>>> print(open('structure19.txt').read())   # compact mmCIF, C-alpha atoms and all ligand atoms
# COMPACT_ATOMS: atom_id res chain seq x y z
CA MET V 246 88.24 171.38 43.36
CA THR V 247 87.54 167.61 43.25
CA PHE V 248 84.12 166.33 44.25
CA LYS V 249 83.96 162.92 45.90
CA VAL V 250 81.01 160.71 45.06
CA LEU V 251 80.20 157.53 46.99
CA ILE V 252 78.07 154.83 45.37
CA SER V 253 76.82 152.54 48.15
CA ASP V 254 74.44 150.22 46.24
CA PRO V 255 75.16 148.23 43.06
CA LEU V 256 74.48 150.52 40.06
CA SER V 257 74.90 149.90 36.35
CA GLU V 258 78.53 150.54 35.31
CA ASP V 259 77.34 151.90 31.95
CA GLY V 260 74.88 154.11 33.77
CA ILE V 261 77.51 155.84 35.89
CA LYS V 262 79.63 156.85 32.89
CA PRO V 263 78.55 160.51 33.21
CA LEU V 264 80.19 160.54 36.64
CA ARG V 265 83.32 158.69 35.52
CA GLU V 266 83.76 161.03 32.56
CA ALA V 267 83.17 164.27 34.46
CA ASP V 268 86.11 166.53 35.27
CA ASN V 269 86.83 167.02 38.95
CA VAL V 270 84.69 164.09 40.08
CA GLN V 271 86.12 161.10 41.92
CA VAL V 272 83.87 158.05 42.12
CA ASP V 273 84.19 155.48 44.90
CA ILE V 274 82.07 152.34 44.85
CA ASP V 275 81.59 150.65 48.20
CA THR V 276 78.50 148.49 48.41
CA GLY V 277 77.18 146.47 51.33
CA LEU V 278 78.42 148.87 54.02
CA SER V 279 76.83 148.54 57.45
CA PRO V 280 75.15 151.69 58.81
CA ASP V 281 78.12 152.24 61.13
CA GLU V 282 80.61 151.85 58.29
CA LEU V 283 78.65 154.34 56.19
CA ILE V 284 78.51 156.81 59.10
CA GLU V 285 82.29 156.54 59.38
CA LYS V 286 82.90 157.25 55.69
CA ILE V 287 80.17 159.67 54.73
CA GLY V 288 81.94 162.78 56.06
CA ASP V 289 84.44 162.57 53.16
CA TYR V 290 81.83 162.75 50.41
CA ASP V 291 80.08 165.49 48.44
CA ALA V 292 77.51 163.15 46.91
CA LEU V 293 75.96 159.79 47.74
CA LEU V 294 74.28 157.56 45.15
CA VAL V 295 71.98 154.76 46.29
CA ARG V 296 69.35 152.37 45.04
CA SER V 297 67.01 150.99 47.75
CA GLN V 298 69.34 148.88 49.88
CA THR V 299 71.10 151.74 51.63
CA LYS V 300 68.89 153.33 54.26
CA VAL V 301 69.94 156.96 54.39
CA THR V 302 68.89 157.69 57.93
CA ARG V 303 69.06 160.85 60.03
CA ASP V 304 72.09 159.35 61.84
CA ILE V 305 73.96 159.05 58.55
CA ILE V 306 72.86 162.46 57.28
CA SER V 307 73.88 164.17 60.53
CA LYS V 308 77.46 162.89 60.05
CA ALA V 309 77.60 163.88 56.37
CA SER V 310 79.34 167.18 56.92
CA ASN V 311 80.34 167.66 53.24
CA LEU V 312 77.33 166.05 51.60
CA LYS V 313 75.51 168.23 49.09
CA ILE V 314 73.35 165.83 47.14
CA ILE V 315 71.86 162.34 47.48
CA GLY V 316 70.93 160.61 44.22
CA ARG V 317 68.37 157.80 44.27
CA ALA V 318 68.69 155.57 41.19
CA GLY V 319 64.98 154.77 41.02
CA VAL V 320 61.59 156.22 41.94
CA GLY V 321 60.86 155.62 45.64
CA VAL V 322 62.70 157.87 48.08
CA ASP V 323 61.25 156.13 51.13
CA ASN V 324 64.73 154.82 52.04
CA ILE V 325 65.95 158.40 52.52
CA ASP V 326 65.07 160.58 55.51
CA LEU V 327 63.86 163.56 53.50
CA SER V 328 63.18 165.84 56.43
CA ALA V 329 66.70 165.25 57.78
CA ALA V 330 68.16 165.93 54.34
CA THR V 331 66.17 169.18 54.05
CA GLU V 332 67.23 170.23 57.54
CA TYR V 333 70.91 169.72 56.67
CA GLY V 334 70.54 171.50 53.30
CA ILE V 335 71.15 168.37 51.24
CA ILE V 336 69.38 168.02 47.91
CA VAL V 337 67.70 164.69 47.08
CA VAL V 338 67.16 163.73 43.44
CA ASN V 339 65.55 160.59 42.05
CA ALA V 340 65.17 159.05 38.59
CA PRO V 341 61.42 158.74 38.15
CA ASP V 342 61.15 157.75 34.49
CA GLY V 343 63.92 155.26 33.82
CA ASN V 344 62.33 152.15 35.28
CA THR V 345 58.65 152.75 34.43
CA ASN V 346 58.61 150.32 31.54
CA SER V 347 60.41 147.56 33.44
CA ALA V 348 58.15 147.91 36.49
CA ALA V 349 55.05 147.82 34.27
CA GLU V 350 56.31 144.75 32.42
CA HIS V 351 57.08 143.03 35.71
CA THR V 352 53.58 143.80 36.97
CA VAL V 353 52.05 142.27 33.85
CA ALA V 354 54.33 139.23 34.21
CA MET V 355 53.11 138.84 37.80
CA LEU V 356 49.48 139.29 36.74
CA MET V 357 49.76 136.56 34.14
CA SER V 358 51.79 134.25 36.37
CA LEU V 359 49.22 134.68 39.11
CA ALA V 360 46.29 133.95 36.80
CA ARG V 361 47.93 130.83 35.34
CA LYS V 362 49.84 129.64 38.47
CA ILE V 363 53.02 129.41 36.42
CA PRO V 364 55.46 129.63 39.36
CA GLN V 365 53.61 126.93 41.32
CA ALA V 366 53.44 124.61 38.29
CA PHE V 367 57.12 125.20 37.56
CA VAL V 368 58.19 124.34 41.10
CA ALA V 369 56.04 121.18 41.03
CA LEU V 370 57.49 120.09 37.71
CA LYS V 371 61.03 120.79 38.89
CA ASN V 372 60.22 118.46 41.77
CA GLY V 373 59.16 115.73 39.36
CA LYS V 374 55.36 116.26 39.53
CA TRP V 375 53.41 116.31 36.25
CA ASP V 376 50.32 117.81 37.89
CA ARG V 377 47.75 119.27 35.51
CA LYS V 378 44.88 119.33 38.01
CA THR V 379 46.16 121.57 40.78
CA HIS V 380 47.35 124.28 38.47
CA VAL V 381 44.17 125.19 36.65
CA GLY V 382 44.14 128.95 36.15
CA VAL V 383 41.76 131.68 35.07
CA GLU V 384 41.66 133.82 31.93
CA LEU V 385 42.29 137.54 31.96
CA LYS V 386 40.07 138.31 28.98
CA GLY V 387 36.81 139.91 30.11
CA LYS V 388 37.99 140.23 33.73
CA THR V 389 38.26 143.60 35.47
CA LEU V 390 41.61 144.95 36.60
CA GLY V 391 41.43 147.56 39.35
CA VAL V 392 44.39 149.93 39.27
CA ILE V 393 45.02 152.05 42.35
CA GLY V 394 47.49 154.80 41.50
CA MET V 395 47.47 155.88 37.86
CA GLY V 396 50.86 157.55 37.65
CA ARG V 397 53.62 156.47 35.30
CA ILE V 398 53.54 152.74 36.09
CA GLY V 399 49.82 152.39 36.80
CA ALA V 400 48.95 153.98 33.45
CA GLU V 401 51.34 151.67 31.58
CA VAL V 402 49.89 148.63 33.33
CA ALA V 403 46.36 149.77 32.48
CA ALA V 404 47.28 150.14 28.80
CA ARG V 405 48.83 146.67 28.70
CA ALA V 406 45.87 145.10 30.51
CA LYS V 407 43.62 146.46 27.79
CA GLY V 408 45.87 144.60 25.35
CA GLN V 409 44.89 141.45 27.27
CA ARG V 410 41.26 142.43 26.65
CA MET V 411 40.65 143.18 30.31
CA ASN V 412 38.30 145.91 31.51
CA VAL V 413 40.16 148.46 33.57
CA ILE V 414 38.85 150.63 36.40
CA ALA V 415 41.20 152.97 38.21
CA TYR V 416 41.46 155.34 41.14
CA ASP V 417 43.94 158.14 41.50
CA PRO V 418 43.28 161.49 43.19
CA PHE V 419 44.51 163.20 40.00
CA LEU V 420 42.67 161.04 37.50
CA THR V 421 40.08 163.04 35.56
CA LYS V 422 37.18 161.79 33.46
CA GLU V 423 38.84 163.24 30.35
CA ARG V 424 42.03 161.27 30.96
CA ALA V 425 40.15 158.07 31.81
CA ASP V 426 38.10 158.43 28.61
CA LYS V 427 41.26 159.00 26.61
CA LEU V 428 42.81 155.84 28.10
CA GLY V 429 39.58 153.92 27.50
CA ILE V 430 39.15 152.97 31.15
CA ASP V 431 36.57 153.50 33.89
CA PHE V 432 37.33 155.42 37.02
CA GLY V 433 35.87 155.76 40.50
CA SER V 434 36.75 155.93 44.18
CA VAL V 435 38.97 153.32 45.86
CA GLU V 436 35.78 151.68 47.07
CA ASP V 437 34.29 151.60 43.55
CA VAL V 438 37.47 149.98 42.26
CA ILE V 439 37.89 147.32 44.91
CA LYS V 440 34.22 146.31 44.81
CA VAL V 441 34.18 145.37 41.13
CA ALA V 442 37.70 144.21 40.36
CA ASP V 443 38.73 140.60 39.76
CA PHE V 444 42.39 141.61 40.01
CA ILE V 445 43.68 144.62 41.97
CA THR V 446 47.10 146.14 41.39
CA VAL V 447 48.51 149.01 43.46
CA HIS V 448 50.89 151.66 42.04
CA THR V 449 50.97 154.44 44.61
CA PRO V 450 53.95 155.70 46.59
CA LEU V 451 54.15 154.54 50.20
CA ILE V 452 53.08 157.63 52.13
CA LYS V 453 50.96 158.25 55.21
CA GLU V 454 47.76 158.21 53.12
CA THR V 455 48.56 154.92 51.39
CA LYS V 456 49.97 152.95 54.33
CA HIS V 457 47.67 149.91 54.67
CA LEU V 458 45.32 151.38 52.07
CA ILE V 459 44.37 147.77 51.37
CA ASN V 460 43.43 146.57 54.83
CA LYS V 461 40.94 144.25 56.52
CA GLU V 462 37.99 146.55 55.77
CA ALA V 463 39.02 146.87 52.13
CA PHE V 464 39.36 143.09 51.69
CA ALA V 465 35.86 142.66 53.14
CA LYS V 466 34.43 144.85 50.34
CA MET V 467 36.15 142.94 47.54
CA LYS V 468 34.68 140.24 45.34
CA ASP V 469 35.17 136.69 46.56
CA GLY V 470 38.12 135.14 44.75
CA VAL V 471 39.82 138.48 43.98
CA ARG V 472 43.54 138.38 43.17
CA ILE V 473 45.99 141.04 44.40
CA ILE V 474 49.23 142.34 42.89
CA ASN V 475 51.75 144.61 44.60
CA CYS V 476 54.78 145.69 42.61
CA ALA V 477 54.86 149.15 44.22
CA ARG V 478 55.79 149.19 47.91
CA GLY V 479 55.35 146.84 50.82
CA GLY V 480 53.07 148.48 53.36
CA ILE V 481 50.44 149.70 50.89
CA ILE V 482 48.79 146.35 51.57
CA ASP V 483 48.39 145.27 55.18
CA GLU V 484 50.23 141.93 55.09
CA ASP V 485 48.43 140.46 58.11
CA ALA V 486 45.06 141.31 56.57
CA LEU V 487 46.18 139.80 53.26
CA TYR V 488 47.28 136.62 55.02
CA ASP V 489 43.89 136.31 56.74
CA ALA V 490 41.99 137.08 53.53
CA ILE V 491 43.87 134.33 51.67
CA LYS V 492 43.41 131.83 54.50
CA SER V 493 39.65 132.55 54.58
CA GLY V 494 39.35 132.05 50.81
CA LYS V 495 38.27 135.64 50.18
CA VAL V 496 41.45 136.28 48.18
CA ALA V 497 42.33 133.58 45.65
CA GLY V 498 45.93 134.62 45.22
CA ALA V 499 48.51 137.35 45.51
CA ALA V 500 51.60 138.33 43.55
CA LEU V 501 54.10 140.33 45.57
CA ASP V 502 57.33 141.96 44.46
CA VAL V 503 57.65 144.08 47.59
CA PHE V 504 57.29 143.59 51.34
CA GLU V 505 56.97 145.78 54.41
CA GLU V 506 60.35 144.51 55.64
CA GLU V 507 62.94 143.63 53.04
CA PRO V 508 64.68 141.29 52.52
CA ALA V 509 61.67 139.08 53.27
CA THR V 510 63.08 135.59 53.09
CA ASP V 511 61.28 134.27 56.14
CA HIS V 512 57.75 135.60 55.67
CA ARG V 513 54.57 133.69 56.48
CA LEU V 514 52.91 134.91 53.26
CA LEU V 515 55.58 132.98 51.33
CA GLU V 516 54.38 129.77 52.96
CA LEU V 517 50.97 130.05 51.28
CA PRO V 518 50.59 128.22 47.95
CA GLU V 519 48.33 131.05 46.71
CA VAL V 520 51.18 133.56 46.96
CA ILE V 521 53.77 134.05 44.26
CA ALA V 522 56.62 136.46 44.81
CA THR V 523 59.80 138.01 43.51
CA PRO V 524 62.51 139.75 45.56
CA HIS V 525 61.84 143.39 44.55
CA LEU V 526 62.76 142.83 40.91
CA GLY V 527 60.39 145.34 39.30
CA ALA V 528 63.20 147.57 38.11
CA SER V 529 65.80 144.87 37.75
CA THR V 530 66.47 144.91 34.04
CA VAL V 531 69.64 145.91 32.24
CA GLU V 532 67.76 148.73 30.54
CA ALA V 533 66.08 150.18 33.63
CA GLN V 534 69.22 150.03 35.72
CA GLU V 535 71.21 151.81 33.04
CA ASN V 536 68.46 154.43 32.57
CA VAL V 537 68.11 155.31 36.25
CA ALA V 538 71.87 155.40 36.85
CA VAL V 539 72.40 157.66 33.82
CA ASP V 540 69.62 160.03 34.90
CA VAL V 541 70.79 160.36 38.46
CA SER V 542 74.48 160.58 37.48
CA HIS V 543 73.73 163.45 35.10
CA ASP V 544 71.83 165.27 37.85
CA VAL V 545 74.66 164.82 40.35
CA VAL V 546 77.36 165.91 37.87
CA ARG V 547 75.32 168.96 36.84
CA TYR V 548 74.66 169.98 40.43
CA LEU V 549 78.24 169.55 41.64
CA THR V 550 80.10 170.94 38.64
CA GLU V 551 77.69 173.74 37.73
CA ASP V 552 75.79 174.88 40.83
CA VAL V 553 78.17 174.00 43.67
CA ALA V 554 81.44 174.74 41.82
CA LYS V 555 80.19 178.17 40.77
CA ASN V 556 78.72 179.06 44.17
CA PRO V 557 80.98 177.24 46.62
P1 LIG P 601 54.12 158.01 40.11
O1 LIG P 601 54.47 159.09 41.06
O2 LIG P 601 54.24 158.27 38.66
O3 LIG P 601 52.63 157.50 40.39
C1 LIG P 601 52.09 157.36 41.66
C2 LIG P 601 50.62 157.72 41.55
O4 LIG P 601 50.00 157.41 42.79
C3 LIG P 601 50.37 159.21 41.27
O5 LIG P 601 49.60 159.37 40.10
C4 LIG P 601 49.62 159.68 42.51
O6 LIG P 601 48.64 160.66 42.21
C5 LIG P 601 48.99 158.38 42.99
N1 LIG P 601 48.56 158.43 44.37
C6 LIG P 601 49.09 159.12 45.40
N2 LIG P 601 48.36 158.91 46.51
C7 LIG P 601 47.35 158.07 46.17
C8 LIG P 601 46.28 157.49 46.88
N3 LIG P 601 46.08 157.74 48.17
N4 LIG P 601 45.46 156.66 46.19
C9 LIG P 601 45.63 156.41 44.88
N5 LIG P 601 46.64 156.95 44.16
C10 LIG P 601 47.48 157.76 44.80
O7 LIG P 601 55.01 156.76 40.54
P2 LIG P 601 55.39 155.49 39.65
O8 LIG P 601 56.68 155.73 38.97
O9 LIG P 601 54.22 155.08 38.87
O10 LIG P 601 55.68 154.43 40.83
C11 LIG P 601 54.61 153.82 41.52
C12 LIG P 601 55.14 152.99 42.69
O11 LIG P 601 55.93 151.93 42.19
C13 LIG P 601 56.02 153.74 43.70
O12 LIG P 601 55.72 153.27 45.00
C14 LIG P 601 57.43 153.30 43.33
O13 LIG P 601 58.32 153.42 44.40
C15 LIG P 601 57.15 151.87 42.95
N6 LIG P 601 58.15 151.24 42.09
C16 LIG P 601 58.48 149.95 42.37
C17 LIG P 601 59.38 149.29 41.56
C18 LIG P 601 59.80 147.89 41.88
O14 LIG P 601 60.94 147.56 41.67
N7 LIG P 601 58.91 147.04 42.36
C19 LIG P 601 59.94 149.94 40.46
C20 LIG P 601 59.57 151.25 40.19
C21 LIG P 601 58.66 151.89 41.03
C1 LIG P 602 61.99 152.17 42.71
O1 LIG P 602 61.37 152.81 43.58
O2 LIG P 602 62.51 152.74 41.73
C2 LIG P 602 62.06 150.72 42.84
O3 LIG P 602 61.87 150.25 44.09
C3 LIG P 602 63.15 150.08 42.08
C4 LIG P 602 64.45 149.87 42.77
O4 LIG P 602 65.27 150.77 42.82
O5 LIG P 602 64.69 148.79 43.24
>>> encode(input="structure19.txt", output="structure tokens")
Amino acid sequence: MTFKVLISDPLSEDGIKPLREADNVQVDIDTGLSPDELIEKIGDYDALLVRSQTKVTRDIISKASNLKIIGRAGVGVDNIDLSAATEYGIIVVNAPDGNTNSAAEHTVAMLMSLARKIPQAFVALKNGKWDRKTHVGVELKGKTLGVIGMGRIGAEVAARAKGQRMNVIAYDPFLTKERADKLGIDFGSVEDVIKVADFITVHTPLIKETKHLINKEAFAKMKDGVRIINCARGGIIDEDALYDAIKSGKVAGAALDVFEEEPATDHRLLELPEVIATPHLGASTVEAQENVAVDVSHDVVRYLTEDVAKNP
């Protein structure tokens, strides 16, 4: 029996070695397929591996007559219709650990760039402007970082912020006093966090409860001149409310790696000088991409060659 695996987003070649080296597994790489092209092909495959570009919709899943497993090389599974997958008996696996470090490092890079206006100063200098007045920043030392979502990435960001001598206050429904004490941070409700923070960074999944968690009402409760970072998921922050809060001067700046609609090349937030942004690069390092591809490839090989092959 040969299992056919389709990889429809660019994944690390080193990372997919477990698939290439497995017996009875054929790997096809076909990236950039349109939804219709994927629908046409998917019926031939036992497994599908994606990053975040491919939207694995109900339409695609309903045509995937041989599909047994979908592997997501990364954390967020919001690009996969999980209820459709469950309905059709298809397993979904992700790789939750492999990109934690890269996403945390990217968040810290965004935090520091935001505080010191490095991207704005760089663009000005590239355009021939030696402007030392416009790009005056603020220090991190002694400021309070509010972390919403203290899972893998949030906790790493909190630890690194302490290295910058920031105070950290966090909210997570599973954060206990014991854990907060151990991490040397304060904790409270979302409201407690947003009221006192000078910088706020979100690290929750995008789910019903976190959609527009940071909205108009939340901005109104924040300190004047607060700065916002989102390297988690577009949609946790209400983009219209963020735009208004920046325009009114309530929010001094925002650093965004993610957007509600991606790609976001033509977004009004990008027109604001207070906004710095990257195109969803949190996990885009050689190391993270290899880690997540290895993890998910192992899971797919194990499932196909052990579970499915033995119980066809
Ligand atoms: P995680 O599951 O380890 O942590 C998420 C945390 O959010 C959990 O501790 C959970 O209890 C908490 N949470 C859930 N609902 C909450 C709520 N209503 N309020 C506050 N906290 C809540 O996930 P992670 O690996 O730390 O990833 C965090 C986010 O970062 C995810 O959205 C993930 O998709 C995203 N991510 C983005 C990139 C990128 O490239 N920008 C890379 C990796 C992960
Ligand atoms: C994730 O959820 O892992 C991130 O969005 C990283 C990615 O795959 O781009």
>>> residues_near_point(input="structure19.txt", point="(65.6, 144.0, 53.8)", cutoff="12 Å", atoms="all atoms listed in the file", output="VMD selection string")
chain V and resid 297 to 300 324 479 503 to 512 524 to 525
>>> residues_near_point(input="structure19.txt", point="(57.3, 148.3, 34.5)", cutoff="10 Å", atoms="only C-alpha atoms", output="list of chain:residue names")
V:Gly343, V:Asn344, V:Thr345, V:Asn346, V:Ser347, V:Ala348, V:Ala349, V:Glu350, V:His351, V:Thr352, V:Val353, V:Ala354, V:Arg397, V:Ile398, V:Gly399, V:Glu401, V:Val402, V:Cys476, V:Gly527, V:Ala528, V:Ser529, V:Thr530, V:Ala533
>>> atom_distance(input="structure19.txt", atom1="CA of Val537 (chain V)", atom2="CA of Ala318 (chain V)")
5.0 Å
>>> residues_around(input="structure19.txt", residues="Met246 (chain V)", least_positions_apart="6", cutoff="10 Å", atoms="all atoms listed in the file", output="ChimeraX atom specification")
/V:268-270,550,554,557
>>> closest_residue(input="structure19.txt", among="V:Ala329, V:Ala477, V:Val295, V:Val338", to="Leu278 (chain V)", atoms="all atoms listed in the file")
V:Val295
>>> residues_around(input="structure19.txt", residues="Gly396 (chain V)", least_positions_apart="4", cutoff="12 Å", atoms="all atoms listed in the file", output="PyMOL selection string")
chain V and resi 320+341-342+345+349+392+400-403+415-420+424+447-450+477
>>> closest_residue(input="structure19.txt", among="V:Ser310, V:Thr331, V:Thr455, V:Thr446", to="ligand LIG 601 (chain P)", atoms="all atoms listed in the file")
V:Thr455
>>> closest_residue(input="structure19.txt", among="V:Leu370, V:Ile261, V:Leu501, V:Leu312", to="Ile336 (chain V)", atoms="all atoms listed in the file")
V:Leu312
>>> atom_distance(input="structure19.txt", atom1="CA of Glu519 (chain V)", atom2="atom C8 of ligand LIG 601 (chain P)")
26.5 Å
>>> residues_around(input="structure19.txt", residues="Ile473 (chain V)", least_positions_apart="5", cutoff="7 Å", atoms="all atoms listed in the file", output="PyMOL selection string")
chain V and resi 444-446+498-500
>>> write_last_selection(input="structure19.txt", atoms="C-alpha atoms", output="PDB file, keeping the file's coordinate frame")
ATOM      1  CA  PHE V 444      42.390 141.610  40.010  1.00  0.00           C
ATOM      2  CA  ILE V 445      43.680 144.620  41.970  1.00  0.00           C
ATOM      3  CA  THR V 446      47.100 146.140  41.390  1.00  0.00           C
ATOM      4  CA  GLY V 498      45.930 134.620  45.220  1.00  0.00           C
ATOM      5  CA  ALA V 499      48.510 137.350  45.510  1.00  0.00           C
ATOM      6  CA  ALA V 500      51.600 138.330  43.550  1.00  0.00           C
TER       7      ALA V 500
END
>>> atom_distance(input="structure19.txt", atom1="CA of His457 (chain V)", atom2="CA of Arg513 (chain V)")
17.7 Å
>>> closest_residue(input="structure19.txt", among="V:Ile306, V:Ile482, V:Ala366, V:Ala463", to="Leu327 (chain V)", atoms="all atoms listed in the file")
V:Ile306
>>> residues_around(input="structure19.txt", residues="Ile491 (chain V)", least_positions_apart="2", cutoff="12 Å", atoms="only C-alpha atoms", output="JSON, numbers by chain")
{"V": [461, 464, 465, 469, 470, 471, 472, 473, 484, 485, 486, 487, 488, 489, 493, 494, 495, 496, 497, 498, 499, 500, 513, 514, 515, 516, 517, 518, 519, 520]}
>>> residues_around(input="structure19.txt", residues="Ala538 (chain V)", least_positions_apart="6", cutoff="9 Å", atoms="all atoms listed in the file", output="JSON, numbers by chain")
{"V": [256, 257, 258, 259, 260, 261, 262, 294, 317, 318, 319, 340, 343]}
>>> write_last_selection(input="structure19.txt", atoms="C-alpha atoms", output="PDB file, keeping the file's coordinate frame")
ATOM      1  CA  LEU V 256      74.480 150.520  40.060  1.00  0.00           C
ATOM      2  CA  SER V 257      74.900 149.900  36.350  1.00  0.00           C
ATOM      3  CA  GLU V 258      78.530 150.540  35.310  1.00  0.00           C
ATOM      4  CA  ASP V 259      77.340 151.900  31.950  1.00  0.00           C
ATOM      5  CA  GLY V 260      74.880 154.110  33.770  1.00  0.00           C
ATOM      6  CA  ILE V 261      77.510 155.840  35.890  1.00  0.00           C
ATOM      7  CA  LYS V 262      79.630 156.850  32.890  1.00  0.00           C
ATOM      8  CA  LEU V 294      74.280 157.560  45.150  1.00  0.00           C
ATOM      9  CA  ARG V 317      68.370 157.800  44.270  1.00  0.00           C
ATOM     10  CA  ALA V 318      68.690 155.570  41.190  1.00  0.00           C
ATOM     11  CA  GLY V 319      64.980 154.770  41.020  1.00  0.00           C
ATOM     12  CA  ALA V 340      65.170 159.050  38.590  1.00  0.00           C
ATOM     13  CA  GLY V 343      63.920 155.260  33.820  1.00  0.00           C
TER      14      GLY V 343
END
>>> closest_residue(input="structure19.txt", among="V:Tyr548, V:Val541, V:Ser358, V:Lys249", to="Arg296 (chain V)", atoms="all atoms listed in the file")
V:Val541
>>> axis_aligned_box(input="structure19.txt", around="region 380-386 of chain V", padding_each_side="4 Å", output="JSON")
{"center_x": 43.7, "center_y": 131.3, "center_z": 33.7, "size_x": 15.3, "size_y": 22.0, "size_z": 17.5}
